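K.L.:
Once you've had a glance at the structure underneath, I'll fire off some questions.
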Amino acid sequence: MLMEKINESEHRFCNGSISAGSSICRKCSNEGKPVKEITIKSFVKKPRLESIKILDGFYFCETPGCEVVYFSNEQDIYLDKADVSVRVGIKETDDPIPICYCFGWTRKKILDQLKRQGFSTAVQEISAKVKAGECACEVNNPAGRCCLGEVSKLVKQLQSVPRSA
């Protein structure tokens with residue numbers, strides 16, 4: 001099945017409203033992506049959140065093996081998986097691994113659909129809901145941005161893996 005090309009610029013949270021600047025996670029030495037204050041407020045557990053004076057200037061660490069989820073090198077603050085209120089898909093290895101937080105898609109749900117039908121409707125369903133304005137990625141996705149790119153990449157990856165009957 002051919003994947004439809006997703007025009008992420010139609011999504012209000014995927015259109016560059018978060019600057020393209022980055023920083024380096026001092027725990028894994030990889031680049032992080034900036035997140036807005038509302039994302040930090042949405043996912044950091046209350047006791048830890050209350051201990052942070054400035055919620056601006058945080059980055060999301062996308063390195064799967066790094067325990068750090070959010071960091072601010074300027075404040076010397078590193079928030080790990082235990083500090084957040086949800087399972088962070090990129091940091092998880094055991095199902096259910098969340099992939100789309102707004103609409104409940106997990107890696108297992110996509111894999112099951114591929115096994116059952118031979119194709120996945122995840123990208124098309126999410127895309128339709130995004131276009132309808134039914135998502136809130138900044139407060140639902142710990143990465144603070146739209147998941148469409150990651151979902152599309154995962155579907156393609158899983159489609160290329162041979163499955164036994």
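Going by the structure tokens order, chains are called A, B, ..., each with residues numbered from 1, while ligands are numbered from 1 in the order shown.
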Do you know which residues are at most 10 Å from Ile24 (chain A) counting only C-alpha atoms, after dropping those on the same chain fewer than 3 positions away, and could you put them as an MDAnalysis selection string?
P.N.:
chainID A and resid 27:33 59:61 71:73
K.L.:
I need the residues from that last selection saved to file as a PDB file, in the first residue's frame (with N, CA, C and O atoms), if you can.
P.N.:
```pdb
ATOM      1  N   LYS A  27      23.547  14.272  29.387  1.00  0.00           N
ATOM      2  CA  LYS A  27      23.579  12.886  29.862  1.00  0.00           C
ATOM      3  C   LYS A  27      23.919  11.903  28.743  1.00  0.00           C
ATOM      4  O   LYS A  27      24.555  10.899  28.972  1.00  0.00           O
ATOM      5  N   CYS A  28      23.478  12.201  27.490  1.00  0.00           N
ATOM      6  CA  CYS A  28      23.731  11.270  26.375  1.00  0.00           C
ATOM      7  C   CYS A  28      24.513  11.920  25.233  1.00  0.00           C
ATOM      8  O   CYS A  28      24.880  11.236  24.279  1.00  0.00           O
ATOM      9  N   SER A  29      24.733  13.223  25.305  1.00  0.00           N
ATOM     10  CA  SER A  29      25.479  13.987  24.299  1.00  0.00           C
ATOM     11  C   SER A  29      24.788  14.074  22.944  1.00  0.00           C
ATOM     12  O   SER A  29      25.436  14.328  21.933  1.00  0.00           O
ATOM     13  N   ASN A  30      23.489  13.878  22.909  1.00  0.00           N
ATOM     14  CA  ASN A  30      22.733  14.013  21.667  1.00  0.00           C
ATOM     15  C   ASN A  30      21.893  15.275  21.697  1.00  0.00           C
ATOM     16  O   ASN A  30      21.587  15.818  22.763  1.00  0.00           O
ATOM     17  N   GLU A  31      21.516  15.707  20.507  1.00  0.00           N
ATOM     18  CA  GLU A  31      20.730  16.925  20.371  1.00  0.00           C
ATOM     19  C   GLU A  31      19.313  16.730  20.884  1.00  0.00           C
ATOM     20  O   GLU A  31      18.689  15.698  20.659  1.00  0.00           O
ATOM     21  N   GLY A  32      18.788  17.736  21.564  1.00  0.00           N
ATOM     22  CA  GLY A  32      17.399  17.739  22.005  1.00  0.00           C
ATOM     23  C   GLY A  32      16.588  18.700  21.170  1.00  0.00           C
ATOM     24  O   GLY A  32      17.144  19.525  20.438  1.00  0.00           O
ATOM     25  N   LYS A  33      15.271  18.581  21.269  1.00  0.00           N
ATOM     26  CA  LYS A  33      14.358  19.476  20.546  1.00  0.00           C
ATOM     27  C   LYS A  33      13.649  20.366  21.562  1.00  0.00           C
ATOM     28  O   LYS A  33      13.213  19.889  22.612  1.00  0.00           O
ATOM     29  N   TYR A  59      14.293  21.293  26.721  1.00  0.00           N
ATOM     30  CA  TYR A  59      14.432  20.486  25.515  1.00  0.00           C
ATOM     31  C   TYR A  59      13.970  19.067  25.800  1.00  0.00           C
ATOM     32  O   TYR A  59      14.048  18.601  26.935  1.00  0.00           O
ATOM     33  N   PHE A  60      13.499  18.398  24.750  1.00  0.00           N
ATOM     34  CA  PHE A  60      13.080  16.996  24.825  1.00  0.00           C
ATOM     35  C   PHE A  60      14.221  16.153  24.284  1.00  0.00           C
ATOM     36  O   PHE A  60      14.683  16.368  23.162  1.00  0.00           O
ATOM     37  N   CYS A  61      14.683  15.190  25.058  1.00  0.00           N
ATOM     38  CA  CYS A  61      15.745  14.282  24.620  1.00  0.00           C
ATOM     39  C   CYS A  61      15.111  13.108  23.889  1.00  0.00           C
ATOM     40  O   CYS A  61      14.333  12.357  24.471  1.00  0.00           O
ATOM     41  N   PHE A  71      15.253  18.497  29.561  1.00  0.00           N
ATOM     42  CA  PHE A  71      16.414  19.074  30.218  1.00  0.00           C
ATOM     43  C   PHE A  71      16.542  20.556  29.909  1.00  0.00           C
ATOM     44  O   PHE A  71      16.062  21.038  28.887  1.00  0.00           O
ATOM     45  N   SER A  72      17.168  21.251  30.845  1.00  0.00           N
ATOM     46  CA  SER A  72      17.548  22.649  30.671  1.00  0.00           C
ATOM     47  C   SER A  72      18.983  22.751  31.144  1.00  0.00           C
ATOM     48  O   SER A  72      19.260  22.698  32.348  1.00  0.00           O
ATOM     49  N   ASN A  73      19.899  22.858  30.188  1.00  0.00           N
ATOM     50  CA  ASN A  73      21.305  22.983  30.557  1.00  0.00           C
ATOM     51  C   ASN A  73      21.562  24.287  31.306  1.00  0.00           C
ATOM     52  O   ASN A  73      22.379  24.318  32.212  1.00  0.00           O
TER      53      ASN A  73
END
```
K.L.:
As number ranges by chain, please: the residues near region 37-40 of chain A (cut-off 12 Å, only C-alpha atoms, same-chain neighbours under 6 positions excluded).
P.N.:
A: 13, 18, 46, 48-50, 52-60, 69-72, 79, 83-85, 136-145
K.L.:
Mind dumping the selected residues with N, CA, C and O atoms as a short mmCIF file (atom, residue, chain, number, x, y, z; two decimals), in the first residue's frame?
P.N.:
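New file part_27.cif:
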```cif
data_model
loop_
_atom_site.label_atom_id
_atom_site.label_comp_id
_atom_site.auth_asym_id
_atom_site.auth_seq_id
_atom_site.Cartn_x
_atom_site.Cartn_y
_atom_site.Cartn_z
N PHE A 13 0.66 22.74 15.22
CA PHE A 13 1.81 22.50 16.08
C PHE A 13 2.99 21.95 15.31
O PHE A 13 4.03 21.70 15.87
N ILE A 18 7.45 26.15 17.17
CA ILE A 18 8.53 25.93 18.11
C ILE A 18 9.82 26.13 17.33
O ILE A 18 9.99 25.55 16.26
N LYS A 46 3.65 16.95 39.49
CA LYS A 46 3.46 18.17 40.27
C LYS A 46 4.59 18.46 41.26
O LYS A 46 5.11 19.58 41.27
N ARG A 48 7.70 17.70 41.31
CA ARG A 48 8.92 18.07 40.58
C ARG A 48 8.71 19.39 39.85
O ARG A 48 9.60 20.24 39.82
N LEU A 49 7.53 19.56 39.27
CA LEU A 49 7.20 20.78 38.53
C LEU A 49 7.30 22.00 39.44
O LEU A 49 7.83 23.04 39.06
N GLU A 50 6.79 21.86 40.66
CA GLU A 50 6.79 22.97 41.61
C GLU A 50 8.19 23.38 42.03
O GLU A 50 8.41 24.51 42.48
N ILE A 52 10.70 23.70 39.99
CA ILE A 52 11.35 24.38 38.87
C ILE A 52 10.90 25.84 38.84
O ILE A 52 9.71 26.12 38.75
N LYS A 53 11.84 26.75 38.90
CA LYS A 53 11.52 28.18 38.93
C LYS A 53 11.14 28.72 37.56
O LYS A 53 10.20 29.49 37.43
N ILE A 54 11.87 28.32 36.51
CA ILE A 54 11.62 28.83 35.16
C ILE A 54 11.31 27.64 34.24
O ILE A 54 12.14 26.74 34.10
N LEU A 55 10.12 27.64 33.64
CA LEU A 55 9.70 26.51 32.80
C LEU A 55 10.03 26.71 31.33
O LEU A 55 9.79 25.83 30.51
N ASP A 56 10.61 27.82 31.00
CA ASP A 56 11.00 28.11 29.62
C ASP A 56 12.43 27.61 29.38
O ASP A 56 13.22 27.53 30.31
N GLY A 57 12.73 27.25 28.14
CA GLY A 57 14.10 26.86 27.79
C GLY A 57 14.40 25.39 27.97
O GLY A 57 15.57 25.00 28.07
N PHE A 58 13.37 24.54 27.99
CA PHE A 58 13.59 23.11 28.12
C PHE A 58 13.63 22.43 26.76
O PHE A 58 13.07 22.92 25.78
N TYR A 59 14.29 21.29 26.72
CA TYR A 59 14.43 20.49 25.51
C TYR A 59 13.97 19.07 25.80
O TYR A 59 14.05 18.60 26.94
N PHE A 60 13.50 18.40 24.75
CA PHE A 60 13.08 17.00 24.82
C PHE A 60 14.22 16.15 24.28
O PHE A 60 14.68 16.37 23.16
N VAL A 69 14.16 12.86 29.87
CA VAL A 69 13.05 13.20 28.99
C VAL A 69 13.16 14.69 28.64
O VAL A 69 13.16 15.05 27.46
N TYR A 70 13.25 15.54 29.64
CA TYR A 70 13.38 16.98 29.44
C TYR A 70 14.63 17.47 30.15
O TYR A 70 14.99 16.97 31.21
N PHE A 71 15.25 18.50 29.56
CA PHE A 71 16.41 19.07 30.22
C PHE A 71 16.54 20.56 29.91
O PHE A 71 16.06 21.04 28.89
N SER A 72 17.17 21.25 30.85
CA SER A 72 17.55 22.65 30.67
C SER A 72 18.98 22.75 31.14
O SER A 72 19.26 22.70 32.35
N LEU A 79 15.16 16.09 33.81
CA LEU A 79 13.95 15.38 34.24
C LEU A 79 13.92 14.03 33.52
O LEU A 79 13.96 13.97 32.30
N ASP A 83 10.05 11.37 36.42
CA ASP A 83 9.53 12.71 36.68
C ASP A 83 8.33 13.07 35.83
O ASP A 83 7.74 14.14 36.02
N VAL A 84 7.98 12.24 34.87
CA VAL A 84 6.86 12.55 33.98
C VAL A 84 5.68 11.62 34.24
O VAL A 84 5.84 10.51 34.73
N SER A 85 4.51 12.08 33.84
CA SER A 85 3.27 11.39 34.19
C SER A 85 2.79 10.37 33.16
O SER A 85 1.79 9.71 33.39
N ALA A 136 -4.22 17.99 20.05
CA ALA A 136 -3.60 18.99 20.93
C ALA A 136 -2.23 18.44 21.32
O ALA A 136 -1.99 18.07 22.47
N CYS A 137 -1.35 18.37 20.35
CA CYS A 137 -0.06 17.72 20.53
C CYS A 137 0.81 18.33 21.63
O CYS A 137 1.54 17.62 22.31
N GLU A 138 0.73 19.63 21.81
CA GLU A 138 1.56 20.29 22.82
C GLU A 138 1.23 19.83 24.23
O GLU A 138 2.08 19.88 25.11
N VAL A 139 -0.01 19.38 24.45
CA VAL A 139 -0.40 18.94 25.79
C VAL A 139 -0.68 17.44 25.87
O VAL A 139 -0.88 16.92 26.96
N ASN A 140 -0.68 16.74 24.75
CA ASN A 140 -0.92 15.29 24.74
C ASN A 140 0.33 14.47 24.46
O ASN A 140 0.43 13.34 24.90
N ASN A 141 1.26 15.02 23.70
CA ASN A 141 2.47 14.31 23.30
C ASN A 141 3.64 14.87 24.10
O ASN A 141 3.92 16.06 24.03
N PRO A 142 4.35 14.03 24.86
CA PRO A 142 5.47 14.55 25.65
C PRO A 142 6.57 15.20 24.82
O PRO A 142 7.34 16.01 25.33
N ALA A 143 6.64 14.90 23.53
CA ALA A 143 7.61 15.56 22.65
C ALA A 143 7.15 16.98 22.32
O ALA A 143 7.92 17.78 21.80
N GLY A 144 5.87 17.28 22.58
CA GLY A 144 5.34 18.61 22.37
C GLY A 144 5.06 18.96 20.92
O GLY A 144 4.90 20.12 20.59
N ARG A 145 4.99 17.96 20.06
CA ARG A 145 4.76 18.22 18.64
C ARG A 145 3.98 17.06 18.02
O ARG A 145 3.79 16.02 18.63
#
```
K.L.:
Report as an mmCIF file with N, CA and C atoms, in the first residue's frame all protein, DNA and RNA residues lying within 12 Å of Leu114 (chain A), evaluated on only C-alpha atoms, omitting residues in the same chain fewer than 5 positions from it.
P.N.:
```cif
data_model
loop_
_atom_site.group_PDB
_atom_site.id
_atom_site.type_symbol
_atom_site.label_atom_id
_atom_site.label_comp_id
_atom_site.auth_asym_id
_atom_site.auth_seq_id
_atom_site.Cartn_x
_atom_site.Cartn_y
_atom_site.Cartn_z
ATOM 1 N N MET A 1 0.844 -1.185 0.000
ATOM 2 C CA MET A 1 0.000 0.000 0.000
ATOM 3 C C MET A 1 0.884 1.242 0.000
ATOM 4 N N ARG A 107 2.400 1.187 19.181
ATOM 5 C CA ARG A 107 3.156 0.350 18.252
ATOM 6 C C ARG A 107 2.431 -0.984 18.054
ATOM 7 N N LYS A 108 1.932 -1.565 19.142
ATOM 8 C CA LYS A 108 1.241 -2.851 19.076
ATOM 9 C C LYS A 108 -0.049 -2.759 18.258
ATOM 10 N N LYS A 109 -0.794 -1.691 18.423
ATOM 11 C CA LYS A 109 -2.037 -1.517 17.667
ATOM 12 C C LYS A 109 -1.746 -1.464 16.165
ATOM 13 N N PHE A 119 -2.153 -3.914 6.042
ATOM 14 C CA PHE A 119 -1.868 -2.478 5.957
ATOM 15 C C PHE A 119 -2.383 -1.817 7.222
ATOM 16 N N SER A 120 -1.911 -0.589 7.435
ATOM 17 C CA SER A 120 -2.357 0.175 8.595
ATOM 18 C C SER A 120 -3.060 1.440 8.140
ATOM 19 N N THR A 121 -4.085 1.805 8.864
ATOM 20 C CA THR A 121 -4.827 3.035 8.598
ATOM 21 C C THR A 121 -4.413 4.166 9.540
ATOM 22 N N ALA A 122 -3.393 3.920 10.348
ATOM 23 C CA ALA A 122 -2.992 4.890 11.369
ATOM 24 C C ALA A 122 -2.702 6.265 10.784
ATOM 25 N N LEU A 154 7.232 4.681 11.493
ATOM 26 C CA LEU A 154 7.012 3.395 12.154
ATOM 27 C C LEU A 154 6.221 2.442 11.267
ATOM 28 N N VAL A 155 5.167 2.932 10.625
ATOM 29 C CA VAL A 155 4.358 2.084 9.748
ATOM 30 C C VAL A 155 5.227 1.526 8.623
ATOM 31 N N LYS A 156 6.022 2.376 7.996
ATOM 32 C CA LYS A 156 6.911 1.922 6.916
ATOM 33 C C LYS A 156 7.898 0.882 7.425
ATOM 34 N N GLN A 157 8.460 1.128 8.605
ATOM 35 C CA GLN A 157 9.413 0.186 9.205
ATOM 36 C C GLN A 157 8.748 -1.160 9.478
ATOM 37 N N LEU A 158 7.551 -1.136 10.073
ATOM 38 C CA LEU A 158 6.858 -2.383 10.398
ATOM 39 C C LEU A 158 6.379 -3.114 9.147
ATOM 40 N N GLN A 159 6.025 -2.370 8.099
ATOM 41 C CA GLN A 159 5.594 -2.989 6.845
ATOM 42 C C GLN A 159 6.743 -3.744 6.184
ATOM 43 N N SER A 160 7.968 -3.302 6.411
ATOM 44 C CA SER A 160 9.118 -3.928 5.767
ATOM 45 C C SER A 160 9.604 -5.175 6.516
ATOM 46 N N VAL A 161 9.078 -5.412 7.707
ATOM 47 C CA VAL A 161 9.468 -6.588 8.487
ATOM 48 C C VAL A 161 8.609 -7.777 8.072
ATOM 49 N N PRO A 162 9.238 -8.875 7.631
ATOM 50 C CA PRO A 162 8.439 -10.065 7.260
ATOM 51 C C PRO A 162 7.680 -10.598 8.471
ATOM 52 N N ARG A 163 6.421 -10.947 8.242
ATOM 53 C CA ARG A 163 5.583 -11.471 9.322
ATOM 54 C C ARG A 163 5.217 -12.913 9.016
ATOM 55 N N SER A 164 5.193 -13.725 10.050
ATOM 56 C CA SER A 164 4.749 -15.110 9.871
ATOM 57 C C SER A 164 3.241 -15.166 9.993
ATOM 58 N N ALA A 165 2.642 -16.128 9.370
ATOM 59 C CA ALA A 165 1.188 -16.250 9.333
ATOM 60 C C ALA A 165 0.598 -16.584 10.650
#
```
K.L.:
Distance CA of Asp94 (chain A)-CA of Leu148 (chain A), one decimal place?
P.N.:
21.4 Å
K.L.:
Could you check how far CA of Cys147 (chain A) sits from CA of Gly65 (chain A), in Å to one decimal?
P.N.:
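Separating CA of Cys147 (chain A) from CA of Gly65 (chain A) is a distance of 19.6 Å.
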K.L.:
I'd like the interatomic distance between CA of Cys146 (chain A) and CA of Cys100 (chain A), to a tenth of an Å.
P.N.:
8.4 Å
K.L.:
So, with only C-alpha atoms as the atoms that count, which of A:Lys129, A:Lys45, A:Cys102, A:Glu150 lies closest to Lys81 (chain A)?
P.N.:
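Closest to Lys81 (chain A), using only C-alpha atoms: A:Lys45.
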K.L.:
Which one is closest to Gln124 (chain A): A:Pro98, A:Pro34, A:Gly149, A:Pro47? Count only C-alpha atoms.
P.N.:
A:Gly149
K.L.:
Mind checking DSSP for region 16-107 of chain A and telling me the strand (DSSP E) residues as a ChimeraX atom specification?
P.N.:
/A:23-24,31-35,58-61,68-72,77-80,98-100,105-106
K.L.:
With distances taken over only C-alpha atoms, which of A:Ile99, A:Val88, A:Val68, A:Cys25 is nearest to Ile126 (chain A)?
P.N.:
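Residue with the minimum atom-to-atom distance to Ile126 (chain A): A:Ile99.
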K.L.:
With only C-alpha atoms as the atoms that count, which of A:Val151, A:Val123, A:Leu111, A:Ile90 lies nearest to Cys66 (chain A)?
P.N.:
A:Ile90
K.L.:
Write down as a PyMOL selection string the residues of chain A whose backbone DSSP state falls under helix (DSSP H, G or I).
P.N.:
chain A and resi 8-10+37-43+46-50+81-83+89-91+107-117+122-131+137-140+148-159
